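What follows is final_12.tsv (TSV, C-alpha atoms).
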```tsv
chain	number	residue	atom	x	y	z
W	66	MET	CA	0.00	0.00	0.00
W	67	TRP	CA	2.98	2.34	0.28
W	68	THR	CA	2.76	2.87	-3.49
W	69	HIS	CA	-0.84	4.16	-3.35
W	70	ARG	CA	-1.22	6.57	-6.25
W	71	SER	CA	-3.09	9.30	-4.40
W	72	TRP	CA	-0.27	9.55	-1.80
W	73	GLN	CA	2.39	10.48	-4.35
W	74	GLY	CA	3.10	14.18	-4.22
W	75	ARG	CA	1.21	14.39	-0.93
W	76	TYR	CA	2.69	11.94	1.58
W	77	LEU	CA	5.45	10.71	-0.71
W	78	ALA	CA	7.67	12.81	-2.92
W	79	HIS	CA	6.84	12.60	-6.61
W	80	PRO	CA	8.48	11.36	-8.66
W	81	LEU	CA	10.05	8.84	-6.29
W	82	PRO	CA	11.60	5.53	-7.39
W	83	ALA	CA	9.58	2.49	-6.35
W	84	HIS	CA	12.43	1.17	-4.22
W	85	GLU	CA	12.35	4.31	-2.05
W	86	ARG	CA	8.60	4.64	-1.46
W	87	LEU	CA	8.48	2.30	1.52
W	88	ARG	CA	11.22	4.33	3.21
W	89	ALA	CA	9.09	7.45	2.77
W	90	TYR	CA	5.97	5.67	4.05
W	91	ALA	CA	7.91	4.51	7.12
W	92	GLY	CA	8.34	8.18	8.01
W	93	TRP	CA	4.57	8.37	8.48
W	94	CYS	CA	3.64	4.99	9.94
W	95	THR	CA	5.55	2.21	11.69
W	96	ALA	CA	3.56	-0.78	10.40
W	97	VAL	CA	2.08	-1.98	7.13
W	98	GLU	CA	-0.23	-4.76	5.99
W	99	GLY	CA	1.33	-7.03	3.38
W	100	ASN	CA	-1.81	-7.42	1.30
W	101	THR	CA	0.05	-7.83	-2.01
W	102	THR	CA	1.56	-11.12	-0.82
W	103	PHE	CA	-1.97	-12.55	-0.93
W	104	TYR	CA	-1.94	-12.30	-4.73
W	105	ALA	CA	1.68	-13.18	-5.49
W	106	THR	CA	4.66	-14.26	-3.43
W	107	PRO	CA	7.47	-11.73	-3.90
W	108	SER	CA	11.08	-12.69	-4.50
W	109	ARG	CA	13.53	-12.78	-1.59
W	110	GLU	CA	15.38	-9.91	-3.25
W	111	THR	CA	12.25	-7.77	-3.22
W	112	VAL	CA	11.59	-8.55	0.43
W	113	ALA	CA	15.23	-7.83	1.29
W	114	SER	CA	14.77	-4.39	-0.25
W	115	TRP	CA	11.75	-3.84	2.02
W	116	ALA	CA	13.89	-4.73	5.03
W	117	GLY	CA	16.60	-2.37	3.83
W	118	GLN	CA	14.17	0.55	3.72
W	119	THR	CA	12.89	0.10	7.29
W	120	ASP	CA	14.20	-0.01	10.84
W	121	PRO	CA	14.31	-3.37	12.66
W	122	ASP	CA	11.30	-2.38	14.79
W	123	PHE	CA	9.09	-1.61	11.77
W	124	ARG	CA	6.14	-4.01	11.70
W	125	PHE	CA	5.18	-6.01	8.61
W	126	VAL	CA	2.06	-8.18	8.74
W	127	PRO	CA	2.30	-10.13	5.45
W	128	LYS	CA	-0.74	-12.09	4.32
W	129	LEU	CA	-0.40	-15.74	3.33
W	130	PRO	CA	-1.03	-16.40	-0.39
W	131	LYS	CA	-4.62	-17.03	-1.44
W	132	VAL	CA	-3.63	-20.34	-3.00
W	133	VAL	CA	-2.89	-21.54	0.56
W	134	THR	CA	-5.84	-20.01	2.40
W	135	HIS	CA	-8.64	-19.74	-0.17
W	136	GLU	CA	-7.92	-22.16	-3.00
W	137	ARG	CA	-6.43	-25.07	-1.01
W	138	ARG	CA	-8.09	-24.07	2.28
W	139	LEU	CA	-4.94	-24.81	4.32
W	140	ALA	CA	-4.44	-28.33	2.97
W	141	GLY	CA	-2.14	-29.58	0.21
W	142	ALA	CA	-0.27	-26.33	-0.43
W	143	ASP	CA	3.04	-27.23	1.20
W	144	GLU	CA	5.16	-26.08	-1.74
W	145	GLU	CA	3.45	-22.68	-1.98
W	146	LEU	CA	3.70	-22.22	1.78
W	147	ARG	CA	7.42	-23.03	1.80
W	148	ALA	CA	8.00	-20.55	-1.02
W	149	PHE	CA	6.17	-17.84	0.95
W	150	LEU	CA	8.07	-18.54	4.19
W	151	ASP	CA	11.37	-18.49	2.32
W	152	ALA	CA	10.47	-15.19	0.63
W	153	VAL	CA	9.60	-13.34	3.87
W	154	GLU	CA	12.64	-14.63	5.77
W	155	PRO	CA	14.74	-11.49	5.01
W	156	LEU	CA	12.30	-9.40	7.06
W	157	GLY	CA	13.74	-10.93	10.22
W	158	PRO	CA	12.25	-9.23	13.31
W	159	ARG	CA	10.19	-6.93	11.10
W	160	ALA	CA	7.79	-9.84	10.41
W	161	HIS	CA	5.50	-8.94	13.30
W	162	ALA	CA	3.00	-11.70	12.48
W	163	LEU	CA	1.99	-13.81	9.50
W	164	TRP	CA	-1.60	-12.96	8.58
W	165	ILE	CA	-3.88	-15.89	7.77
W	166	GLN	CA	-7.05	-14.42	6.28
W	167	LEU	CA	-9.69	-17.13	5.74
W	168	PRO	CA	-12.65	-17.02	3.35
W	169	GLY	CA	-16.18	-16.42	4.61
W	170	SER	CA	-17.05	-20.05	3.89
W	171	PHE	CA	-14.38	-21.28	6.32
W	172	GLY	CA	-16.58	-22.08	9.31
W	173	PRO	CA	-16.57	-23.88	12.67
W	174	ALA	CA	-16.43	-27.32	11.02
W	175	ASP	CA	-13.07	-26.30	9.50
W	176	VAL	CA	-11.38	-25.40	12.79
W	177	PRO	CA	-9.62	-28.81	13.07
W	178	THR	CA	-8.02	-28.12	9.67
W	179	LEU	CA	-6.88	-24.72	10.90
W	180	ALA	CA	-5.50	-26.25	14.10
W	181	ARG	CA	-3.45	-28.80	12.15
W	182	PHE	CA	-2.18	-26.10	9.82
W	183	LEU	CA	-1.11	-23.85	12.69
W	184	ARG	CA	0.71	-26.68	14.45
W	185	GLY	CA	2.71	-27.29	11.26
W	186	LEU	CA	3.92	-23.69	10.93
W	187	PRO	CA	7.42	-22.74	12.13
W	188	ALA	CA	7.53	-21.51	15.70
W	189	ALA	CA	9.93	-18.75	14.63
W	190	HIS	CA	6.93	-16.66	13.49
W	191	ARG	CA	3.90	-15.34	15.29
W	192	HIS	CA	0.60	-15.92	13.53
W	193	ALA	CA	-2.67	-14.02	13.37
W	194	VAL	CA	-5.93	-15.34	11.92
W	195	GLU	CA	-8.80	-13.38	10.43
W	196	VAL	CA	-12.11	-15.24	10.08
W	197	ARG	CA	-15.28	-14.01	8.40
W	198	HIS	CA	-17.82	-16.80	8.87
W	199	PRO	CA	-20.76	-15.32	10.87
W	200	ALA	CA	-20.96	-18.31	13.23
W	201	PHE	CA	-17.67	-17.34	14.89
W	202	PHE	CA	-19.29	-14.09	15.98
W	203	ALA	CA	-22.83	-15.31	16.72
W	204	ASP	CA	-22.19	-18.69	18.37
W	205	PRO	CA	-20.18	-18.56	21.64
W	206	ARG	CA	-19.29	-22.24	21.32
W	207	ALA	CA	-17.83	-21.70	17.83
W	208	ALA	CA	-15.85	-18.70	19.07
W	209	ARG	CA	-14.53	-20.69	22.03
W	210	THR	CA	-13.47	-23.58	19.77
W	211	LEU	CA	-11.57	-21.17	17.52
W	212	GLU	CA	-9.93	-19.42	20.45
W	213	GLU	CA	-8.77	-22.76	21.86
W	214	ALA	CA	-7.22	-23.72	18.52
W	215	LEU	CA	-5.41	-20.38	18.33
W	216	ALA	CA	-4.24	-20.59	21.93
W	217	THR	CA	-2.39	-23.88	21.37
W	218	VAL	CA	0.16	-22.02	19.20
W	219	GLY	CA	-0.16	-18.52	20.67
W	220	ALA	CA	-1.91	-17.14	17.58
W	221	GLU	CA	-4.01	-13.98	17.60
W	222	TRP	CA	-7.54	-13.42	16.25
W	223	ILE	CA	-7.61	-10.31	14.03
W	224	PRO	CA	-10.89	-8.40	14.15
W	225	PHE	CA	-11.84	-6.51	11.00
W	226	ASP	CA	-14.12	-3.77	12.30
W	227	THR	CA	-16.54	-2.64	9.57
W	228	THR	CA	-19.35	-1.60	11.89
W	229	ALA	CA	-18.83	2.15	11.36
W	230	PHE	CA	-18.62	1.68	7.61
W	231	PHE	CA	-21.94	-0.17	7.34
W	232	ARG	CA	-23.80	2.12	9.74
W	233	THR	CA	-25.16	4.31	6.93
W	234	PRO	CA	-25.44	3.85	3.14
W	235	PRO	CA	-22.43	4.63	0.91
W	236	THR	CA	-21.96	8.14	-0.48
W	237	SER	CA	-19.06	7.75	-2.94
W	238	ASP	CA	-17.98	5.38	-5.70
W	239	ALA	CA	-15.24	3.94	-3.49
W	240	GLU	CA	-17.71	3.38	-0.67
W	241	ARG	CA	-20.21	1.74	-3.00
W	242	GLU	CA	-17.54	-0.66	-4.24
W	243	ALA	CA	-16.44	-1.49	-0.70
W	244	TRP	CA	-20.09	-1.97	0.29
W	245	THR	CA	-20.29	-5.03	-1.97
W	246	ARG	CA	-16.92	-6.54	-0.98
W	247	LYS	CA	-16.26	-5.97	2.71
W	248	PRO	CA	-17.54	-8.39	5.37
W	249	ARG	CA	-20.26	-7.36	7.81
W	250	THR	CA	-18.91	-8.83	11.01
W	251	PRO	CA	-19.89	-7.77	14.54
W	252	LEU	CA	-17.48	-5.80	16.67
W	253	ARG	CA	-14.92	-7.92	18.51
W	254	THR	CA	-12.46	-6.39	20.97
W	255	ARG	CA	-11.03	-9.40	22.83
W	256	ALA	CA	-7.25	-9.90	22.61
W	257	LEU	CA	-5.79	-13.40	22.92
W	258	THR	CA	-2.08	-12.51	23.02
W	259	ASP	CA	0.25	-9.68	24.00
W	260	ARG	CA	0.31	-8.49	20.35
W	261	PRO	CA	-3.28	-7.85	19.26
W	262	ILE	CA	-3.86	-6.61	15.71
W	263	VAL	CA	-6.88	-4.54	14.65
W	264	ARG	CA	-8.12	-3.73	11.16
W	265	TYR	CA	-10.56	-0.81	11.14
W	266	LEU	CA	-12.53	0.45	8.13
W	267	GLY	CA	-13.93	3.96	8.31
W	268	ARG	CA	-15.58	6.17	5.71
W	269	ASP	CA	-14.19	8.49	3.06
W	270	ASP	CA	-15.30	11.41	5.25
W	271	PRO	CA	-12.46	11.75	7.82
W	272	ALA	CA	-14.83	13.07	10.50
W	273	ARG	CA	-16.97	9.93	10.28
W	274	THR	CA	-13.88	7.74	10.37
W	275	VAL	CA	-12.74	9.44	13.57
W	276	GLU	CA	-16.23	9.15	15.06
W	277	GLY	CA	-16.30	5.43	14.29
W	278	TRP	CA	-13.00	4.60	15.97
W	279	GLN	CA	-13.87	6.14	19.35
W	280	PRO	CA	-14.58	2.75	21.01
W	281	TRP	CA	-11.13	1.54	19.95
W	282	LEU	CA	-9.43	4.33	21.88
W	283	ASP	CA	-10.60	2.80	25.15
W	284	VAL	CA	-9.76	-0.72	24.00
W	285	VAL	CA	-6.26	0.08	22.76
W	286	THR	CA	-5.44	2.23	25.77
W	287	GLY	CA	-6.56	-0.62	28.02
W	288	TRP	CA	-4.36	-3.08	26.15
W	289	LEU	CA	-1.36	-0.81	26.51
W	290	ARG	CA	-1.95	-0.45	30.24
W	291	GLU	CA	-2.03	-4.25	30.46
W	292	GLY	CA	1.42	-4.38	28.88
W	293	ARG	CA	0.27	-5.49	25.42
W	294	SER	CA	1.72	-4.11	22.19
W	295	PRO	CA	-1.19	-3.56	19.77
W	296	THR	CA	-0.98	-2.77	16.06
W	297	VAL	CA	-3.87	-0.84	14.53
W	298	PHE	CA	-4.45	-0.45	10.79
W	299	VAL	CA	-6.77	2.36	9.70
W	300	HIS	CA	-8.49	2.05	6.33
W	301	THR	CA	-11.03	4.03	4.37
W	302	PRO	CA	-12.64	2.95	1.09
W	303	ASP	CA	-10.39	5.21	-0.98
W	304	ASN	CA	-7.48	5.22	1.55
W	305	ALA	CA	-6.63	8.74	0.38
W	306	ASP	CA	-6.10	10.06	3.93
W	307	ALA	CA	-5.08	6.79	5.60
W	308	PRO	CA	-1.54	7.76	6.75
W	309	GLU	CA	-2.77	11.00	8.27
W	310	LEU	CA	-5.71	9.26	9.94
W	311	ALA	CA	-3.45	6.54	11.35
W	312	ARG	CA	-1.26	9.21	12.91
W	313	ARG	CA	-4.31	10.95	14.33
W	314	PHE	CA	-5.48	7.71	15.95
W	315	HIS	CA	-2.02	7.29	17.47
W	316	ASP	CA	-2.08	10.88	18.74
W	317	GLU	CA	-5.48	10.35	20.36
W	318	VAL	CA	-4.17	7.27	22.16
W	319	ARG	CA	-1.11	9.23	23.33
W	320	ALA	CA	-3.40	11.97	24.65
W	321	ARG	CA	-4.79	9.35	27.02
W	322	LEU	CA	-1.47	7.61	27.65
W	323	PRO	CA	1.41	10.10	27.20
W	324	GLU	CA	4.10	7.50	27.85
W	325	VAL	CA	3.35	5.89	24.47
W	326	GLU	CA	6.21	6.55	22.06
W	327	PRO	CA	5.43	9.16	19.36
W	328	LEU	CA	5.49	8.22	15.71
W	329	PRO	CA	8.43	9.48	13.63
W	330	GLU	CA	8.16	12.94	12.18
W	331	PRO	CA	7.62	12.65	8.42
W	332	GLU	CA	9.68	14.59	5.96
W	333	PRO	CA	8.23	18.00	5.03
W	334	GLU	CA	5.47	17.80	2.44
W	335	PRO	CA	6.90	17.46	-1.05
W	336	VAL	CA	7.14	20.67	-3.00
W	337	GLY	CA	6.05	20.48	-6.62
W	338	PRO	CA	8.44	21.41	-9.43
W	339	SER	CA	8.91	25.07	-10.21
W	340	THR	CA	7.25	26.42	-13.33
W	341	LEU	CA	7.60	29.46	-15.57
W	342	PHE	CA	4.14	30.76	-14.70
```
Structure encoded using structure tokens:
Amino acid sequence: MWTHRSWQGRYLAHPLPAHERLRAYAGWCTAVEGNTTFYATPSRETVASWAGQTDPDFRFVPKLPKVVTHERRLAGADEELRAFLDAVEPLGPRAHALWIQLPGSFGPADVPTLARFLRGLPAAHRHAVEVRHPAFFADPRAARTLEEALATVGAEWIPFDTTAFFRTPPTSDAEREAWTRKPRTPLRTRALTDRPIVRYLGRDDPARTVEGWQPWLDVVTGWLREGRSPTVFVHTPDNADAPELARRFHDEVRARLPEVEPLPEPEPEPVGPSTLF
């Protein structure tokens, strides 16, 4: 996401070579979702360049390839999984957690498959699972079964909070597109480990995004006071203001808990080229 077109010339200098854009993004935020790894496993050389553009404490949460999670449903994709694990190895400590996003059809009956898969993963990595089947949110027994499977390997359950997004009808093209694609899952704020991860989807209107994340301020502040180290990803349908919004969320947490480390100060806003007019 650090190559998002609308950020160039605003959050990132433009023109800026592709191999320097992550470094610029890391001046705004200290974590990134590795969503592109869902569609194609990058080369080790590419991943090494990501590591070279970031500090050791920068947090990557790369998503497992869809051939593993969606097409093979965690069974019979050993070769693809090995290729992915080999590719992300250069991240070293920057690999905060490996993100296992499961399709909406992956339900309670599939938990034994997930448990076997998790037990087969290398202990060198932390793992975080995102489920979308409604039963995990509506049936306490299904939720408990999933939590028990995750607990055996110290894996986290990633909530994807879309409640603020679906509260009122869409008002932009980007919101209308997201309306048809994003899951409608109930709010979940329970952390299983000391490194909870939250995905939050707001609206294209920044004020409504800020309004929607208010419950998370209490949750995240509480986690920090408990000694946990949460990672929060802020999205909007068009993501045009996402870096700025992420920093605002961080600032609002720090206003409640001043001992939280500040984010790095980004470079001054890029200045456009001079003209003759």
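Considering the residues W:Arg253, W:Thr245, W:Gln166, W:Thr227 and counting only C-alpha atoms, W:Phe202 has its shortest atom-to-atom contact with W:Arg253.
Atom to atom, atom CA of W:Gln118 and atom CA of W:Gly157 stand 13.2 Å apart.
Among the candidate residues W:Thr178, W:Thr210, W:Thr233, W:Thr254, the one lying nearest to W:Gly141 is W:Thr178, with distances computed using only C-alpha atoms.
Distances from W:Pro327, W:Trp72, W:Asp120, W:Pro82 to W:Asn304 were compared using all atoms listed in the file, and the smallest one belongs to W:Trp72.
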Write out as a PDB file with C-alpha atoms, in the coordinates of the input the residues lying within 8 Å of W:Thr134, counting all atoms listed in the file and excluding same-chain residues fewer than 4 positions away.
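The resulting file, out10.pdb, is shown below:
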```
ATOM      1  CA  LEU W 129      -0.400 -15.740   3.330  1.00  0.00           C
ATOM      2  CA  PRO W 130      -1.030 -16.400  -0.390  1.00  0.00           C
ATOM      3  CA  ARG W 138      -8.090 -24.070   2.280  1.00  0.00           C
ATOM      4  CA  LEU W 139      -4.940 -24.810   4.320  1.00  0.00           C
ATOM      5  CA  ILE W 165      -3.880 -15.890   7.770  1.00  0.00           C
ATOM      6  CA  GLN W 166      -7.050 -14.420   6.280  1.00  0.00           C
ATOM      7  CA  LEU W 167      -9.690 -17.130   5.740  1.00  0.00           C
ATOM      8  CA  PRO W 168     -12.650 -17.020   3.350  1.00  0.00           C
TER       9      PRO W 168
END
```
